[in-house]
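Heads up, the thing below is written out as structure tokens.
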Amino acid sequence: MEMGIEYIVKLIESKRAALDVSKNKLLRGICSTDTFTKIANGQGRKLDKLEIEALMQRIGYNAKNCNYLLDMDEYEAFVRRESVREGIKACIKGTGNLDDVQKRIEINKKESRSNVERQVAEYFDIQFMCVSGQDNKVLCEKCINAIRITIKDFCIENIKSYLYGEIEFLLITRLLCIKADMGEKETALAGYEGLLSIIDKNIYSNNEAMKFFSKVIYEALVIYMEEGQYGKASKLCQYAIGRLPDENKFRYLPEIYEMKARAEAHLLAAEKCYSDKVLNALYKESKDYKIYEDLSYIAAEYPAEYYADVKYPMYFEYNVVFIGDIIRQRRKLLGFTQHELAYYANSNVKAGTDEICSEKTLSRLENGRMVTSWKITRRLLGRLKLPPERYFFNYVADDYNLIEELMDIEADFSSGKKDGLLERCEAVKKANPLHYYPYNQQRIAEIEYKIKYMSGMITDAEAERMIVEIFEKTMPRSYLTDDTSVYLFGNECLVLGNILQNRKRIEGESKCLKLLEKMIDGYRVSCVNDSVCALNIISLKRKYESYIANIGDLERAKILSDSVVRDAVAHNLYGVIMPCLYDDAWNSAMQGVRDEKLRLELKCVYTASTLRKKKLLRRISKELYENCFGEEITYGRRG
């Protein structure tokens, strides 16, 4: 029996039922319905990380928001994948050793166990073959065979009939791109149109799933433009501008505006029988082209990062940590010896009495030399106030409506709504039988704290006491002064962010810098590389840069802000690029810079925030531009 994943299987089942998707369609090629049901009941074999992710992605869950505590076997498999990914990335940049990467790929393929793991291994092999210049016909056949590992009856004609996880999407879009390169543009276009037809389905409505469609739209537009189908291109551009979510559409938004400008110029020129000279003028003077010019700043300034995923879309894994590292870190932070943890803390009982495991077993688990049963591991986690599940969101529930209600409460609070939010939090607590988990209590308490503090229901002094007590639900107070670097889960990072805000107001930014450095280091020392915790590290680096700038170290802040933008672009985290760009521009402006680069940077921020209806960012970028250059900033045309 494999314990520790049943809750997330129940959560997946809850959303599957709400979406009215059949079990067979969801589980196709991943696991049997019998296995899925047994796991939901706490029985049967375990599903590995990639299988869980694929199931979540097939019903539109954002797998990036899930934390993964992996045992030794799973973590070793993850490390192998990371090694291959880093090798291919180096080959794309022209700095990798092809023979070495080929060996890593073969080892990864040989060691893969589940269908999804084998499919990921084949995806990496296809990526490598593309980089090394393999024949398109061979690549085409390889893509189809890789897709059929999980979707056995896959064919392009029925492309809209299936559910897709990330790897399946990547393989299918790669296949269609190869078809287009081979001159089979009608086949490729039919495939893209089939994928586009499922955008409006309820399943793929969140940002994580929609990122695939931004790539599909871009590739379809390229063919429409090449084939002179300007009417279809114009309509698809307009659809993309209005439909794709903020988080992911920006990657292709500049190109979409450029193609819209070009398509509509061609349509008008054909209707009025204009000359090529007039057509070009219509194109270059259009509002859409001016928007494209403004938005193109990122591609021009960060080309290595921005264009890296156009030809070779990269597969990333986030929020992954080896469970032995976490147990060792938290044990030391709480001041337990291995004996005290293995035989319960503050107990003098002899071995074999009231024990979780032997000290030898605990030592081998912490150092990655053995796999223990999940029953033992789960008890160790419980003693250390750690999340009791292998795979979990910041809030644990087996009913997806409760998770979405919590997200809605936060969204309503962010938009300025306050009435009734505390009552809604209370209703979520009562409805969730798993609310007793410390991380669940911490999550809702942190939301309630923000509501109360921002509504003036508690004083500054009460706020400090309250938020530290919330932190102590899972972490000891000693973390705030101890120098030990520890991996923080999402809730803990959010709560600590509120503690930092309170202390910044009282003591100033310089008092908070050491704690921020410790938080960033905690992720770095727990992971294979920075990319594994890119979401958390980027968020913390933004805060750190802000504090550095506010204490007057603008030169260092400028280096940090540029680094954050590059990281966000490289990891497709386009939802944070504009605030990061504004920070970068502010640092330059405060140093007295008044050059063309600053002008273009602020124009990009202003235009993007106008398109995305981000009022605060639009206002402050407008003010900074006009203060720096003494002229009014304009939207859709050069100032």
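Following the order of the structure tokens, first chain is A, next is B, and so on, with residues numbered from 1 inside each chain and ligands from 1 in the order they appear.
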
Residues of range 483-568 of chain A that have any atom at most 12 Å from an atom of range 73-78 of chain A: could you tabulate them with the shortest-distance atom pair and the distance in Å to one decimal, using only C-alpha atoms, ordered by chain and increasing number, as a Markdown table?
```
| residue | atom | partner | partner_atom | distance |
| --- | --- | --- | --- | --- |
| A:Ser526 | CA | A:Tyr75 | CA | 11.9 |
| A:Cys527 | CA | A:Tyr75 | CA | 10.4 |
| A:Val528 | CA | A:Phe78 | CA | 9.2 |
| A:Asn529 | CA | A:Phe78 | CA | 11.8 |
| A:Val532 | CA | A:Phe78 | CA | 10.4 |
```

Residues as selected, N, CA and C atoms, written as a PDB file, in the first residue's frame, can you do that?
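again-v9.pdb, written as the output of this step:
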```pdb
ATOM      1  N   SER A 526      18.632  23.221  -1.316  1.00  0.00           N
ATOM      2  CA  SER A 526      17.755  22.056  -1.279  1.00  0.00           C
ATOM      3  C   SER A 526      17.450  21.485  -2.653  1.00  0.00           C
ATOM      4  N   CYS A 527      17.912  22.136  -3.706  1.00  0.00           N
ATOM      5  CA  CYS A 527      17.483  21.762  -5.049  1.00  0.00           C
ATOM      6  C   CYS A 527      18.681  21.480  -5.952  1.00  0.00           C
ATOM      7  N   VAL A 528      18.410  20.772  -7.048  1.00  0.00           N
ATOM      8  CA  VAL A 528      19.455  20.435  -8.007  1.00  0.00           C
ATOM      9  C   VAL A 528      20.057  21.692  -8.613  1.00  0.00           C
ATOM     10  N   ASN A 529      19.222  22.656  -8.962  1.00  0.00           N
ATOM     11  CA  ASN A 529      19.672  23.944  -9.487  1.00  0.00           C
ATOM     12  C   ASN A 529      18.603  24.991  -9.224  1.00  0.00           C
ATOM     13  N   VAL A 532      14.764  24.781 -10.380  1.00  0.00           N
ATOM     14  CA  VAL A 532      13.772  23.922  -9.734  1.00  0.00           C
ATOM     15  C   VAL A 532      12.837  24.741  -8.855  1.00  0.00           C
TER      16      VAL A 532
END
```

### Query
Can you list, as JSON, numbers by chain, every residue of range 123-350 of chain A that DSSP puts in alpha helix (DSSP H)?
{"A": [123, 124, 125, 126, 127, 128, 129, 130, 131, 136, 137, 138, 139, 140, 141, 142, 143, 144, 145, 146, 147, 166, 167, 168, 169, 170, 171, 172, 173, 174, 175, 176, 177, 178, 179, 180, 181, 185, 186, 187, 188, 189, 190, 191, 192, 193, 194, 195, 196, 207, 208, 209, 210, 211, 212, 213, 214, 215, 216, 217, 218, 219, 220, 221, 222, 223, 224, 225, 226, 230, 231, 232, 233, 234, 235, 236, 237, 238, 239, 240, 241, 242, 243, 246, 247, 248, 249, 253, 254, 255, 256, 257, 258, 259, 260, 261, 262, 263, 264, 265, 266, 267, 268, 269, 270, 271, 272, 276, 277, 278, 279, 280, 281, 282, 283, 284, 285, 287, 288, 289, 290, 291, 292, 293, 294, 295, 297, 298, 299, 300, 301, 303, 304, 305, 306, 308, 309, 310, 311, 323, 324, 325, 326, 327, 328, 329, 330, 331, 332, 333, 334, 338, 339, 340, 341, 342]}

Write out as an mmCIF file with N, CA, C and O atoms, in the first residue's frame the residues lying within 9 Å of Ile499 in chain A, counting only C-alpha atoms and excluding same-chain residues fewer than 5 positions away.
```cif
data_model
loop_
_atom_site.group_PDB
_atom_site.id
_atom_site.type_symbol
_atom_site.label_atom_id
_atom_site.label_comp_id
_atom_site.auth_asym_id
_atom_site.auth_seq_id
_atom_site.Cartn_x
_atom_site.Cartn_y
_atom_site.Cartn_z
ATOM 1 N N ALA A 463 -0.641 42.834 14.925
ATOM 2 C CA ALA A 463 -0.292 42.203 13.653
ATOM 3 C C ALA A 463 1.006 41.418 13.775
ATOM 4 O O ALA A 463 1.098 40.277 13.302
ATOM 5 N N GLU A 464 2.007 42.010 14.426
ATOM 6 C CA GLU A 464 3.292 41.324 14.583
ATOM 7 C C GLU A 464 3.122 40.030 15.374
ATOM 8 O O GLU A 464 3.628 38.969 14.970
ATOM 9 N N ILE A 467 0.992 37.374 13.229
ATOM 10 C CA ILE A 467 1.629 36.756 12.061
ATOM 11 C C ILE A 467 2.761 35.823 12.484
ATOM 12 O O ILE A 467 2.998 34.783 11.852
ATOM 13 N N VAL A 468 3.454 36.132 13.591
ATOM 14 C CA VAL A 468 4.497 35.225 14.087
ATOM 15 C C VAL A 468 3.856 33.942 14.622
ATOM 16 O O VAL A 468 4.379 32.832 14.411
ATOM 17 N N PHE A 471 3.120 31.795 11.717
ATOM 18 C CA PHE A 471 4.350 31.179 11.224
ATOM 19 C C PHE A 471 4.703 29.952 12.063
ATOM 20 O O PHE A 471 5.141 28.921 11.543
ATOM 21 N N LEU A 494 4.832 32.801 2.216
ATOM 22 C CA LEU A 494 3.830 33.872 2.239
ATOM 23 C C LEU A 494 3.762 34.527 3.617
ATOM 24 O O LEU A 494 3.721 35.755 3.736
ATOM 25 N N LYS A 504 9.822 45.722 8.109
ATOM 26 C CA LYS A 504 10.335 46.793 7.249
ATOM 27 C C LYS A 504 9.728 48.135 7.671
ATOM 28 O O LYS A 504 10.426 49.146 7.748
#
```

### Shell of 10 Å around Tyr312 in chain A, only C-alpha atoms, local chain residues under 6 positions omitted, as a VMD selection string
chain A and resid 88 to 89 92 127 to 128 130 to 131 170 174

### Query
Contacts of Ser197 in chain A at 12 Å or less, counting only C-alpha atoms, minus same-chain residues fewer than 4 places along, as a list in words?
Asn158, Ile159, Lys160, Ser161, Tyr162, Ala190, Gly191, Tyr192, Glu193, Lys201, Tyr204, Phe213, Val216, Ile217 and Leu236 of chain A

Residues just named, written with C-alpha atoms as a compact mmCIF listing (two decimals), in the first residue's frame:
```txt
# COMPACT_ATOMS: atom_id res chain seq x y z
CA ASN A 158 -8.79 13.36 -34.36
CA ILE A 159 -6.52 15.83 -32.59
CA LYS A 160 -9.37 17.59 -30.74
CA SER A 161 -10.67 14.33 -29.26
CA TYR A 162 -8.03 13.81 -26.59
CA ALA A 190 -5.60 21.32 -39.74
CA GLY A 191 -3.80 20.14 -36.59
CA TYR A 192 -3.45 23.65 -35.21
CA GLU A 193 -7.08 24.43 -35.96
CA LYS A 201 -13.60 24.10 -23.33
CA TYR A 204 -8.20 24.24 -20.46
CA PHE A 213 -2.36 27.51 -26.98
CA VAL A 216 -0.36 26.97 -31.22
CA ILE A 217 -1.88 30.33 -32.19
CA LEU A 236 -7.21 34.83 -34.98
```

Give me, as an mmCIF file with N, CA and C atoms, in the first residue's frame, the residues of range 221-423 of chain A that a backbone DSSP run labels strand (DSSP E or B).
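That gives us result33.cif:
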```cif
data_model
loop_
_atom_site.group_PDB
_atom_site.id
_atom_site.type_symbol
_atom_site.label_atom_id
_atom_site.label_comp_id
_atom_site.auth_asym_id
_atom_site.auth_seq_id
_atom_site.Cartn_x
_atom_site.Cartn_y
_atom_site.Cartn_z
ATOM 1 N N VAL A 320 10.496 20.889 -6.508
ATOM 2 C CA VAL A 320 10.851 19.496 -6.247
ATOM 3 C C VAL A 320 11.958 19.449 -5.189
ATOM 4 N N VAL A 321 11.796 18.585 -4.198
ATOM 5 C CA VAL A 321 12.827 18.464 -3.172
ATOM 6 C C VAL A 321 12.892 17.018 -2.688
ATOM 7 N N PHE A 322 14.087 16.575 -2.332
ATOM 8 C CA PHE A 322 14.280 15.233 -1.795
ATOM 9 C C PHE A 322 13.801 15.205 -0.347
ATOM 10 N N TYR A 391 2.534 14.941 -2.742
ATOM 11 C CA TYR A 391 2.232 15.961 -3.751
ATOM 12 C C TYR A 391 1.088 16.802 -3.208
ATOM 13 N N PHE A 392 1.295 18.110 -3.087
ATOM 14 C CA PHE A 392 0.254 18.916 -2.450
ATOM 15 C C PHE A 392 0.342 20.371 -2.902
#
```

### Message
Using only C-alpha atoms, which protein or nucleic acid residues come within 10 Å of range 248-259 of chain A? Drop anything in the same chain fewer than 5 positions from it, and give the result as a PyMOL selection string.
### Response
chain A and resi 207-215+217-219+221-222+224-225+230+233-234+236-238+240-243+264-265+283-284+286-299+306-307+309-310+569+572-575+577+608+612

What does the file look like for those residues with C-alpha atoms, as a PDB file, in the first residue's frame?
```pdb
ATOM      1  CA  ASN A 207      -3.140  29.982 -17.286  1.00  0.00           C
ATOM      2  CA  GLU A 208      -0.885  26.942 -17.099  1.00  0.00           C
ATOM      3  CA  ALA A 209      -2.841  25.021 -19.741  1.00  0.00           C
ATOM      4  CA  MET A 210      -3.401  28.069 -21.926  1.00  0.00           C
ATOM      5  CA  LYS A 211       0.327  28.635 -22.397  1.00  0.00           C
ATOM      6  CA  PHE A 212       0.307  25.807 -24.927  1.00  0.00           C
ATOM      7  CA  PHE A 213      -2.363  27.506 -26.983  1.00  0.00           C
ATOM      8  CA  SER A 214      -0.356  30.722 -27.271  1.00  0.00           C
ATOM      9  CA  LYS A 215       2.301  28.663 -29.064  1.00  0.00           C
ATOM     10  CA  ILE A 217      -1.883  30.332 -32.189  1.00  0.00           C
ATOM     11  CA  TYR A 218       1.507  31.704 -33.138  1.00  0.00           C
ATOM     12  CA  GLU A 219       2.354  28.702 -35.340  1.00  0.00           C
ATOM     13  CA  LEU A 221      -0.681  32.504 -37.721  1.00  0.00           C
ATOM     14  CA  VAL A 222       2.703  31.927 -39.353  1.00  0.00           C
ATOM     15  CA  TYR A 224      -1.941  31.833 -42.446  1.00  0.00           C
ATOM     16  CA  MET A 225       0.413  34.713 -43.235  1.00  0.00           C
ATOM     17  CA  TYR A 230      -5.134  37.461 -44.142  1.00  0.00           C
ATOM     18  CA  ALA A 233      -5.055  35.711 -39.611  1.00  0.00           C
ATOM     19  CA  SER A 234      -6.704  38.976 -38.571  1.00  0.00           C
ATOM     20  CA  LEU A 236      -7.212  34.829 -34.979  1.00  0.00           C
ATOM     21  CA  CYS A 237      -4.994  37.726 -33.857  1.00  0.00           C
ATOM     22  CA  GLN A 238      -7.988  39.568 -32.446  1.00  0.00           C
ATOM     23  CA  ALA A 240      -5.732  35.790 -29.171  1.00  0.00           C
ATOM     24  CA  ILE A 241      -5.395  39.366 -27.918  1.00  0.00           C
ATOM     25  CA  GLY A 242      -8.715  39.116 -26.102  1.00  0.00           C
ATOM     26  CA  ARG A 243      -8.710  35.469 -25.028  1.00  0.00           C
ATOM     27  CA  GLU A 264      -5.136  44.153 -41.915  1.00  0.00           C
ATOM     28  CA  ALA A 265      -2.921  46.308 -44.129  1.00  0.00           C
ATOM     29  CA  TYR A 283       1.319  48.665 -42.034  1.00  0.00           C
ATOM     30  CA  LYS A 284       4.032  50.835 -40.463  1.00  0.00           C
ATOM     31  CA  SER A 286      -0.982  51.407 -37.828  1.00  0.00           C
ATOM     32  CA  LYS A 287      -1.663  51.401 -34.093  1.00  0.00           C
ATOM     33  CA  ASP A 288      -1.055  47.645 -33.946  1.00  0.00           C
ATOM     34  CA  TYR A 289       2.434  48.047 -35.426  1.00  0.00           C
ATOM     35  CA  LYS A 290       3.283  50.762 -32.897  1.00  0.00           C
ATOM     36  CA  ILE A 291       2.141  48.439 -30.088  1.00  0.00           C
ATOM     37  CA  TYR A 292       4.361  45.735 -31.573  1.00  0.00           C
ATOM     38  CA  GLU A 293       7.310  48.165 -31.568  1.00  0.00           C
ATOM     39  CA  ASP A 294       6.720  49.011 -27.918  1.00  0.00           C
ATOM     40  CA  LEU A 295       6.352  45.383 -26.820  1.00  0.00           C
ATOM     41  CA  SER A 296       9.394  44.270 -28.831  1.00  0.00           C
ATOM     42  CA  TYR A 297      11.720  45.845 -26.276  1.00  0.00           C
ATOM     43  CA  ILE A 298      12.020  42.558 -24.351  1.00  0.00           C
ATOM     44  CA  ALA A 299      12.889  40.510 -27.438  1.00  0.00           C
ATOM     45  CA  TYR A 306      13.295  35.368 -25.150  1.00  0.00           C
ATOM     46  CA  TYR A 307      13.822  33.402 -28.351  1.00  0.00           C
ATOM     47  CA  ASP A 309      11.759  28.553 -26.525  1.00  0.00           C
ATOM     48  CA  VAL A 310      10.494  29.391 -30.029  1.00  0.00           C
ATOM     49  CA  VAL A 569      11.849  35.344 -19.464  1.00  0.00           C
ATOM     50  CA  ASN A 572       8.229  31.714 -19.297  1.00  0.00           C
ATOM     51  CA  LEU A 573       7.005  33.552 -16.184  1.00  0.00           C
ATOM     52  CA  TYR A 574       5.591  36.413 -18.205  1.00  0.00           C
ATOM     53  CA  GLY A 575       3.110  37.501 -15.545  1.00  0.00           C
ATOM     54  CA  ILE A 577       7.962  40.676 -16.383  1.00  0.00           C
ATOM     55  CA  ALA A 608       1.695  46.311 -21.785  1.00  0.00           C
ATOM     56  CA  ARG A 612      -3.611  44.237 -19.566  1.00  0.00           C
TER      57      ARG A 612
END
```

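When the distance limit is 12 Å and only C-alpha atoms are what count, the residues near Asn65 in chain A, minus those fewer than 6 positions from it on the same chain, are Glu53, Met56, Gln57, Asn207, Glu208, Glu317, Tyr318, Asn319, Val320, Tyr391, Phe392, Phe393, Asn394, Tyr395, Ile403, Phe489, Gly490, Asn491, Cys533, Ala534, Leu535 and Asn536 of chain A.
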
Export C-alpha atoms of the chosen residues as a short mmCIF file (atom, residue, chain, number, x, y, z; two decimals), in the first residue's frame?
```cif
data_model
loop_
_atom_site.label_atom_id
_atom_site.label_comp_id
_atom_site.auth_asym_id
_atom_site.auth_seq_id
_atom_site.Cartn_x
_atom_site.Cartn_y
_atom_site.Cartn_z
CA GLU A 53 1.42 15.98 -13.18
CA MET A 56 -3.50 17.31 -13.30
CA GLN A 57 -2.59 18.94 -16.60
CA ASN A 207 -3.14 29.98 -17.29
CA GLU A 208 -0.89 26.94 -17.10
CA GLU A 317 9.99 20.92 -13.45
CA TYR A 318 9.36 23.08 -10.37
CA ASN A 319 9.09 22.86 -6.57
CA VAL A 320 10.85 19.50 -6.25
CA TYR A 391 2.23 15.96 -3.75
CA PHE A 392 0.25 18.92 -2.45
CA PHE A 393 -0.88 22.46 -3.13
CA ASN A 394 -0.48 25.15 -0.48
CA TYR A 395 -3.93 24.14 0.73
CA ILE A 403 -9.34 25.18 -3.32
CA PHE A 489 6.94 25.62 1.54
CA GLY A 490 4.58 28.08 -0.11
CA ASN A 491 2.55 28.95 2.97
CA CYS A 533 12.54 26.66 -7.39
CA ALA A 534 12.51 29.48 -9.96
CA LEU A 535 9.00 30.63 -8.97
CA ASN A 536 9.97 31.14 -5.33
#
```

### Query
Quick one: of A:Val495, A:Ile447, A:Ala90, A:Leu380, who's nearest to Asp412 in chain A, counting only C-alpha atoms?
A:Ile447

### Of the listed residues A:Glu6, A:Asp200, A:Glu355, A:Asp100, that which approaches Ser83 in chain A most closely, counting only C-alpha atoms
A:Asp100

#### Entry: Nearest-residue call for Asp135 in chain A, choices A:Ala570, A:Ile520, A:Glu446, A:Ile178, using only C-alpha atoms
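Nearest candidate to Asp135 in chain A out of A:Ala570, A:Ile520, A:Glu446, A:Ile178: A:Ile178.
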
Residues of range 284-401 of chain A that have any atom at most 12 Å from an atom of range 118-121 of chain A: could you tabulate them with the shortest-distance atom pair and the distance in Å to one decimal, using only C-alpha atoms, ordered by chain and increasing number, as CSV?
```
residue,atom,partner,partner_atom,distance
A:Met314,CA,A:Val120,CA,11.6
A:Tyr315,CA,A:Val120,CA,9.0
A:Phe316,CA,A:Val120,CA,11.2
A:Glu317,CA,A:Val120,CA,11.6
```

#### Entry: From A:Lys235, A:Arg594, A:Lys514, A:Lys25, residue lying nearest Asp483 in chain A [only C-alpha atoms]
A:Lys514

### Task
Please measure the separation of CA of Pro387 in chain A and CA of Arg80 in chain A, giving the value in Å to one decimal.
25.4 Å
